[in-house]
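Structure data follow from upload.txt (compact mmCIF, C-alpha atoms):
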# COMPACT_ATOMS: atom_id res chain seq x y z
CA ASN M 280 -22.20 216.11 -92.65
CA ALA M 281 -25.02 213.58 -92.29
CA GLY M 282 -27.10 214.72 -95.30
CA VAL M 283 -30.68 213.52 -94.87
CA THR M 284 -31.57 211.39 -91.87
CA GLN M 285 -34.85 209.74 -90.93
CA THR M 286 -36.11 208.63 -87.54
CA PRO M 287 -37.11 205.91 -86.76
CA LYS M 288 -35.78 203.30 -89.22
CA PHE M 289 -38.48 200.76 -88.40
CA ARG M 290 -41.79 200.89 -86.58
CA VAL M 291 -44.76 198.61 -86.02
CA LEU M 292 -48.09 200.22 -85.12
CA LYS M 293 -51.49 198.87 -84.29
CA THR M 294 -54.48 200.18 -86.22
CA GLY M 295 -55.63 203.49 -84.75
CA GLN M 296 -52.32 204.42 -83.12
CA SER M 297 -50.54 207.62 -84.01
CA MET M 298 -46.91 208.40 -84.68
CA THR M 299 -44.59 211.02 -86.15
CA LEU M 300 -41.75 210.43 -88.58
CA LEU M 301 -38.88 212.88 -88.47
CA CYS M 302 -36.77 213.97 -91.42
CA ALA M 303 -33.71 216.09 -90.65
CA GLN M 304 -31.23 217.66 -93.08
CA ASP M 305 -28.01 219.58 -92.60
CA MET M 306 -27.62 220.86 -96.17
CA ASN M 307 -29.68 224.04 -95.72
CA HIS M 308 -32.00 222.99 -98.55
CA GLU M 309 -35.22 224.91 -99.06
CA TYR M 310 -37.43 222.12 -100.40
CA MET M 311 -38.37 218.95 -98.53
CA TYR M 312 -40.63 216.06 -99.56
CA TRP M 313 -42.28 212.99 -98.12
CA TYR M 314 -42.83 209.99 -100.42
CA ARG M 315 -44.19 206.53 -99.79
CA GLN M 316 -43.19 203.39 -101.63
CA ASP M 317 -45.33 200.26 -101.65
CA PRO M 318 -43.85 196.87 -102.64
CA GLY M 319 -42.89 196.66 -106.31
CA MET M 320 -43.99 200.20 -107.05
CA GLY M 321 -42.44 203.57 -107.59
CA LEU M 322 -42.55 206.43 -105.12
CA ARG M 323 -45.65 208.55 -104.58
CA LEU M 324 -45.56 212.05 -103.14
CA ILE M 325 -47.47 212.59 -99.89
CA HIS M 326 -46.70 216.19 -98.91
CA TYR M 327 -43.95 218.68 -99.58
CA SER M 328 -42.61 222.00 -98.34
CA VAL M 329 -40.95 224.84 -100.23
CA GLY M 330 -39.68 226.57 -97.11
CA GLU M 331 -39.93 226.95 -93.37
CA GLY M 332 -43.54 227.32 -92.27
CA THR M 333 -45.01 226.19 -95.61
CA THR M 334 -46.50 222.84 -96.63
CA ALA M 335 -48.52 221.55 -99.55
CA LYS M 336 -50.36 218.37 -100.55
CA GLY M 337 -48.92 215.90 -102.97
CA GLU M 338 -50.48 212.97 -104.81
CA VAL M 339 -51.60 210.88 -101.79
CA PRO M 340 -52.05 213.20 -98.76
CA ASP M 341 -55.08 211.59 -97.09
CA GLY M 342 -54.41 210.25 -93.60
CA TYR M 343 -51.20 212.25 -93.16
CA ASN M 344 -50.27 215.65 -91.78
CA VAL M 345 -46.97 217.50 -91.95
CA SER M 346 -45.20 220.40 -90.34
CA ARG M 347 -42.07 222.41 -91.15
CA LEU M 348 -41.49 224.58 -88.09
CA LYS M 349 -37.73 224.64 -88.63
CA LYS M 350 -35.97 224.72 -91.98
CA GLN M 351 -33.93 221.62 -91.22
CA ASN M 352 -36.83 219.41 -90.08
CA PHE M 353 -39.89 218.04 -91.86
CA LEU M 354 -42.30 215.97 -89.78
CA LEU M 355 -44.85 213.48 -91.13
CA GLY M 356 -47.70 212.54 -88.82
CA LEU M 357 -50.16 209.68 -88.89
CA GLU M 358 -53.05 210.52 -86.55
CA SER M 359 -54.86 207.17 -86.78
CA ALA M 360 -52.80 204.54 -88.56
CA ALA M 361 -54.45 202.10 -90.97
CA PRO M 362 -53.08 198.89 -92.53
CA SER M 363 -53.15 200.67 -95.93
CA GLN M 364 -50.40 202.93 -94.60
CA THR M 365 -47.98 200.04 -94.32
CA SER M 366 -45.15 201.20 -96.54
CA VAL M 367 -41.61 202.50 -96.72
CA TYR M 368 -41.46 206.26 -96.25
CA PHE M 369 -38.73 208.35 -97.84
CA CYS M 370 -37.84 211.94 -97.18
CA ALA M 371 -36.03 214.01 -99.80
CA THR M 372 -34.56 217.49 -100.02
CA GLN M 373 -33.82 219.85 -102.88
CA ASN M 374 -31.75 223.01 -102.94
CA GLY M 375 -34.26 225.44 -104.37
CA VAL M 376 -36.51 225.50 -107.41
CA ARG M 377 -33.77 225.37 -110.04
CA SER M 378 -31.87 222.48 -108.55
CA TYR M 379 -31.93 219.31 -110.64
CA GLU M 380 -31.19 216.79 -107.90
CA GLN M 381 -33.16 215.49 -104.96
CA TYR M 382 -31.33 213.92 -102.03
CA PHE M 383 -33.08 211.04 -100.33
CA GLY M 384 -32.92 209.71 -96.81
CA PRO M 385 -32.53 206.00 -95.99
CA GLY M 386 -36.24 205.42 -95.43
CA THR M 387 -38.55 204.38 -92.59
CA ARG M 388 -40.22 200.99 -92.81
CA LEU M 389 -43.67 201.17 -91.20
CA THR M 390 -45.97 198.24 -90.60
CA VAL M 391 -49.53 198.75 -89.38
CA THR M 392 -51.26 195.64 -88.05
CA ASP V 279 -45.07 215.72 -116.68
CA ALA V 280 -44.68 213.41 -119.68
CA LYS V 281 -45.23 209.71 -119.09
CA THR V 282 -42.33 207.30 -119.51
CA THR V 283 -42.22 203.64 -120.45
CA GLN V 284 -39.41 201.32 -119.38
CA PRO V 285 -38.89 197.55 -119.55
CA THR V 286 -39.75 195.80 -116.31
CA SER V 287 -36.42 194.03 -115.98
CA MET V 288 -33.07 193.48 -117.70
CA ASP V 289 -29.96 191.39 -117.15
CA CYS V 290 -26.39 192.38 -117.89
CA ALA V 291 -23.10 190.51 -117.55
CA GLU V 292 -20.57 191.99 -115.17
CA GLY V 293 -18.02 194.14 -116.98
CA ARG V 294 -20.27 194.68 -119.98
CA ALA V 295 -22.15 197.85 -120.85
CA ALA V 296 -25.71 198.05 -119.56
CA ASN V 297 -28.06 199.91 -121.89
CA LEU V 298 -31.36 200.87 -120.30
CA PRO V 299 -34.02 202.26 -122.67
CA CYS V 300 -36.80 204.70 -121.92
CA ASN V 301 -39.64 205.90 -124.12
CA HIS V 302 -41.10 209.36 -123.54
CA SER V 303 -42.99 210.05 -126.77
CA THR V 304 -45.10 212.88 -125.29
CA ILE V 305 -42.18 214.89 -123.95
CA SER V 306 -42.46 218.63 -124.47
CA GLY V 307 -39.70 220.94 -125.61
CA ASN V 308 -38.75 222.26 -122.19
CA GLU V 309 -38.87 218.98 -120.27
CA TYR V 310 -35.69 217.29 -119.13
CA VAL V 311 -34.92 213.58 -118.89
CA TYR V 312 -33.63 212.44 -115.49
CA TRP V 313 -32.34 209.10 -114.34
CA TYR V 314 -32.30 207.89 -110.74
CA ARG V 315 -31.59 204.49 -109.29
CA GLN V 316 -32.59 202.70 -106.12
CA ILE V 317 -30.32 200.05 -104.69
CA HIS V 318 -32.03 197.45 -102.52
CA SER V 319 -34.64 199.58 -100.73
CA GLN V 320 -32.27 202.49 -100.08
CA GLY V 321 -33.40 205.99 -101.03
CA PRO V 322 -33.18 206.79 -104.75
CA GLN V 323 -29.91 208.25 -106.02
CA TYR V 324 -29.50 210.78 -108.81
CA ILE V 325 -27.50 209.54 -111.81
CA ILE V 326 -27.72 212.01 -114.68
CA HIS V 327 -30.04 214.32 -116.57
CA GLY V 328 -30.23 216.02 -119.97
CA LEU V 329 -32.37 218.08 -122.32
CA LYS V 330 -31.36 217.21 -125.88
CA ASN V 331 -27.61 216.76 -126.00
CA ASN V 332 -25.92 213.58 -124.92
CA GLU V 333 -24.50 213.80 -121.43
CA THR V 334 -21.76 211.94 -119.59
CA ASN V 335 -20.59 211.96 -116.00
CA GLU V 336 -18.57 209.67 -113.79
CA MET V 337 -21.48 207.29 -113.33
CA ALA V 338 -23.11 206.98 -116.73
CA SER V 339 -23.90 208.35 -120.17
CA LEU V 340 -27.28 209.55 -121.38
CA ILE V 341 -28.15 209.30 -125.06
CA ILE V 342 -31.26 211.20 -126.16
CA THR V 343 -32.63 210.67 -129.66
CA GLU V 344 -32.85 213.64 -131.98
CA ASP V 345 -36.66 213.73 -131.77
CA ARG V 346 -36.34 213.40 -127.96
CA LYS V 347 -38.98 210.68 -127.85
CA SER V 348 -36.66 208.15 -126.28
CA SER V 349 -33.38 207.91 -124.41
CA THR V 350 -30.87 205.33 -123.23
CA LEU V 351 -28.90 205.26 -120.02
CA ILE V 352 -25.54 203.56 -120.46
CA LEU V 353 -23.49 202.13 -117.62
CA PRO V 354 -20.23 201.49 -119.49
CA HIS V 355 -18.78 198.70 -117.32
CA ALA V 356 -21.51 197.30 -115.10
CA THR V 357 -20.53 195.87 -111.72
CA LEU V 358 -22.51 193.79 -109.25
CA ARG V 359 -23.06 196.98 -107.23
CA ASP V 360 -25.03 198.44 -110.15
CA THR V 361 -27.82 195.94 -109.53
CA ALA V 362 -30.76 198.23 -108.78
CA VAL V 363 -34.06 199.63 -110.02
CA TYR V 364 -33.48 202.42 -112.53
CA TYR V 365 -36.06 205.16 -112.96
CA CYS V 366 -36.43 207.34 -116.04
CA ILE V 367 -38.29 210.56 -115.23
CA VAL V 368 -39.31 213.47 -117.41
CA ARG V 369 -40.12 216.84 -115.91
CA LEU V 370 -39.65 220.56 -116.25
CA TYR V 371 -36.20 221.69 -115.09
CA ASN V 372 -37.44 224.46 -112.87
CA TYR V 373 -40.61 222.79 -111.76
CA GLY V 374 -39.70 222.77 -108.14
CA GLN V 375 -41.90 220.02 -106.88
CA ASN V 376 -41.59 216.28 -106.93
CA PHE V 377 -40.20 213.75 -109.31
CA VAL V 378 -42.77 211.21 -110.51
CA PHE V 379 -41.27 207.76 -110.02
CA GLY V 380 -42.86 204.93 -112.01
CA PRO V 381 -42.05 201.25 -111.47
CA GLY V 382 -38.67 201.58 -113.28
CA THR V 383 -36.43 198.84 -114.71
CA ARG V 384 -34.93 196.26 -112.42
CA LEU V 385 -31.36 195.71 -113.65
CA SER V 386 -29.60 192.55 -112.51
CA VAL V 387 -25.85 192.45 -113.11
CA LEU V 388 -24.78 188.83 -113.28
CA PRO V 389 -21.29 187.50 -112.44

Could you render the structure from this file as structure tokens?
Amino acid sequence: NAGVTQTPKFRVLKTGQSMTLLCAQDMNHEYMYWYRQDPGMGLRLIHYSVGEGTTAKGEVPDGYNVSRLKKQNFLLGLESAAPSQTSVYFCATQNGVRSYEQYFGPGTRLTVT
Amino acid sequence: DAKTTQPTSMDCAEGRAANLPCNHSTISGNEYVYWYRQIHSQGPQYIIHGLKNNETNEMASLIITEDRKSSTLILPHATLRDTAVYYCIVRLYNYGQNFVFGPGTRLSVLP
């Protein structure tokens, strides 16, 4: 039972390159989230999903796209990376609307040069 | 969601109780208080939550004032492994979207 896993753990991109971050969960949770955390700050929500095939924008969605084709996977895409997207990205899951706890992955550290 | 205010940092001696305060003066009647922590750049970890009664679990205790405008997270016997950033979050229980994480309190447990 791996919980929430994120791939890759680290990545360095050049400005303008694209990449996809993968979040996978084996807990059969309905809700999944992508957050970013900049140095010394709290987490900010990028996008989220309340079920397979659904996605919605969070607080800072610009420059990112997401997809939830399978319940267990939530993908975060950067089409044209910018230095402002240098951050640590966390995925989280939640077991339905009435659950009080979110489970977080270990994070992906992304640097855009 | 109601806004919370926490001290930027705190120190605590190992083995002593760590008391982390949080002000949430604009909390509404159906909003819960949650505490999470983040150890050295790992993903945040749930600690405890409550509405108006004091709560205790194996990790910590949560004391909420009678007017619900502030709360205190208590780690009864802090260890070096409790060094982390602690986040106090207020939100509706069944509001199924995100938690709003502010900058939190950086707790340093000193030997």

Proximal residues of chain M relative to chain V (all atoms listed in the file; 7 Å) as a PDB file with C-alpha atoms, keeping the file's coordinate frame:
ATOM      1  CA  GLY M 319     -42.890 196.660-106.310  1.00  0.00           C
ATOM      2  CA  MET M 320     -43.990 200.200-107.050  1.00  0.00           C
ATOM      3  CA  GLY M 321     -42.440 203.570-107.590  1.00  0.00           C
ATOM      4  CA  LEU M 322     -42.550 206.430-105.120  1.00  0.00           C
ATOM      5  CA  LEU M 324     -45.560 212.050-103.140  1.00  0.00           C
ATOM      6  CA  PHE M 369     -38.730 208.350 -97.840  1.00  0.00           C
ATOM      7  CA  VAL M 376     -36.510 225.500-107.410  1.00  0.00           C
ATOM      8  CA  ARG M 377     -33.770 225.370-110.040  1.00  0.00           C
ATOM      9  CA  TYR M 379     -31.930 219.310-110.640  1.00  0.00           C
ATOM     10  CA  GLU M 380     -31.190 216.790-107.900  1.00  0.00           C
ATOM     11  CA  PHE M 383     -33.080 211.040-100.330  1.00  0.00           C
ATOM     12  CA  GLY M 384     -32.920 209.710 -96.810  1.00  0.00           C
ATOM     13  CA  PRO M 385     -32.530 206.000 -95.990  1.00  0.00           C
ATOM     14  CA  GLY M 386     -36.240 205.420 -95.430  1.00  0.00           C
TER      15      GLY M 386
END

Identify, on the basis of all atoms listed in the file, every residue whose closest approach to V:Arg294 does not exceed 8 Å; exclude the query and any residue fewer than 4 positions from it along the same chain; express the result as a JSON list (two decimals) with C-alpha atoms, in the frame of the given file.
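So the final result, stored in part14.json, reads:
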[["chain", "number", "residue", "atom", "x", "y", "z"],
["V", 290, "CYS", "CA", -26.39, 192.38, -117.89],
["V", 354, "PRO", "CA", -20.23, 201.49, -119.49],
["V", 355, "HIS", "CA", -18.78, 198.70, -117.32],
["V", 356, "ALA", "CA", -21.51, 197.30, -115.10]]

Env of V:Ser287: 7 Å cut, atoms = all atoms listed in the file, seq-sep filter 3 positions within chain, self excluded. Answer as a PyMOL selection string.
chain V and resi 383-385

Residues near M:Thr390, anyone? I mean within 9 Å using only C-alpha atoms, not counting same-chain ones fewer than 5 positions away, as a VMD selection string.
chain M and resid 289 to 293 362 364 to 367

Output of the above residues as a tab-separated table (two decimals), in the frame of the given file, restricted to C-alpha atoms:
chain	number	residue	atom	x	y	z
M	289	PHE	CA	-38.48	200.76	-88.40
M	290	ARG	CA	-41.79	200.89	-86.58
M	291	VAL	CA	-44.76	198.61	-86.02
M	292	LEU	CA	-48.09	200.22	-85.12
M	293	LYS	CA	-51.49	198.87	-84.29
M	362	PRO	CA	-53.08	198.89	-92.53
M	364	GLN	CA	-50.40	202.93	-94.60
M	365	THR	CA	-47.98	200.04	-94.32
M	366	SER	CA	-45.15	201.20	-96.54
M	367	VAL	CA	-41.61	202.50	-96.72

Size and centre in Å, one decimal, axis-aligned box, all listed stretch 313-325 of chain M atoms plus 3 Å per side, as lines of an AutoDock Vina configuration file:
center_x = -44.9
center_y = 204.8
center_z = -102.9
size_x = 11.2
size_y = 22.3
size_z = 15.5

Which of these, M:Thr387, M:Ser359, M:Gln304, M:Gln381, has the shortest distance to M:Asn344 once you count all atoms listed in the file?
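Closest residue, counting all atoms listed in the file: M:Ser359.
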
How many Å separate atom CA of V:Ser306 from atom CA of M:Gln373?
23.3 Å

Which residue, V:Ile367, V:Gly328, V:Thr283, V:Arg359, has the smallest gap to V:Leu340 when you use all atoms listed in the file?
V:Gly328
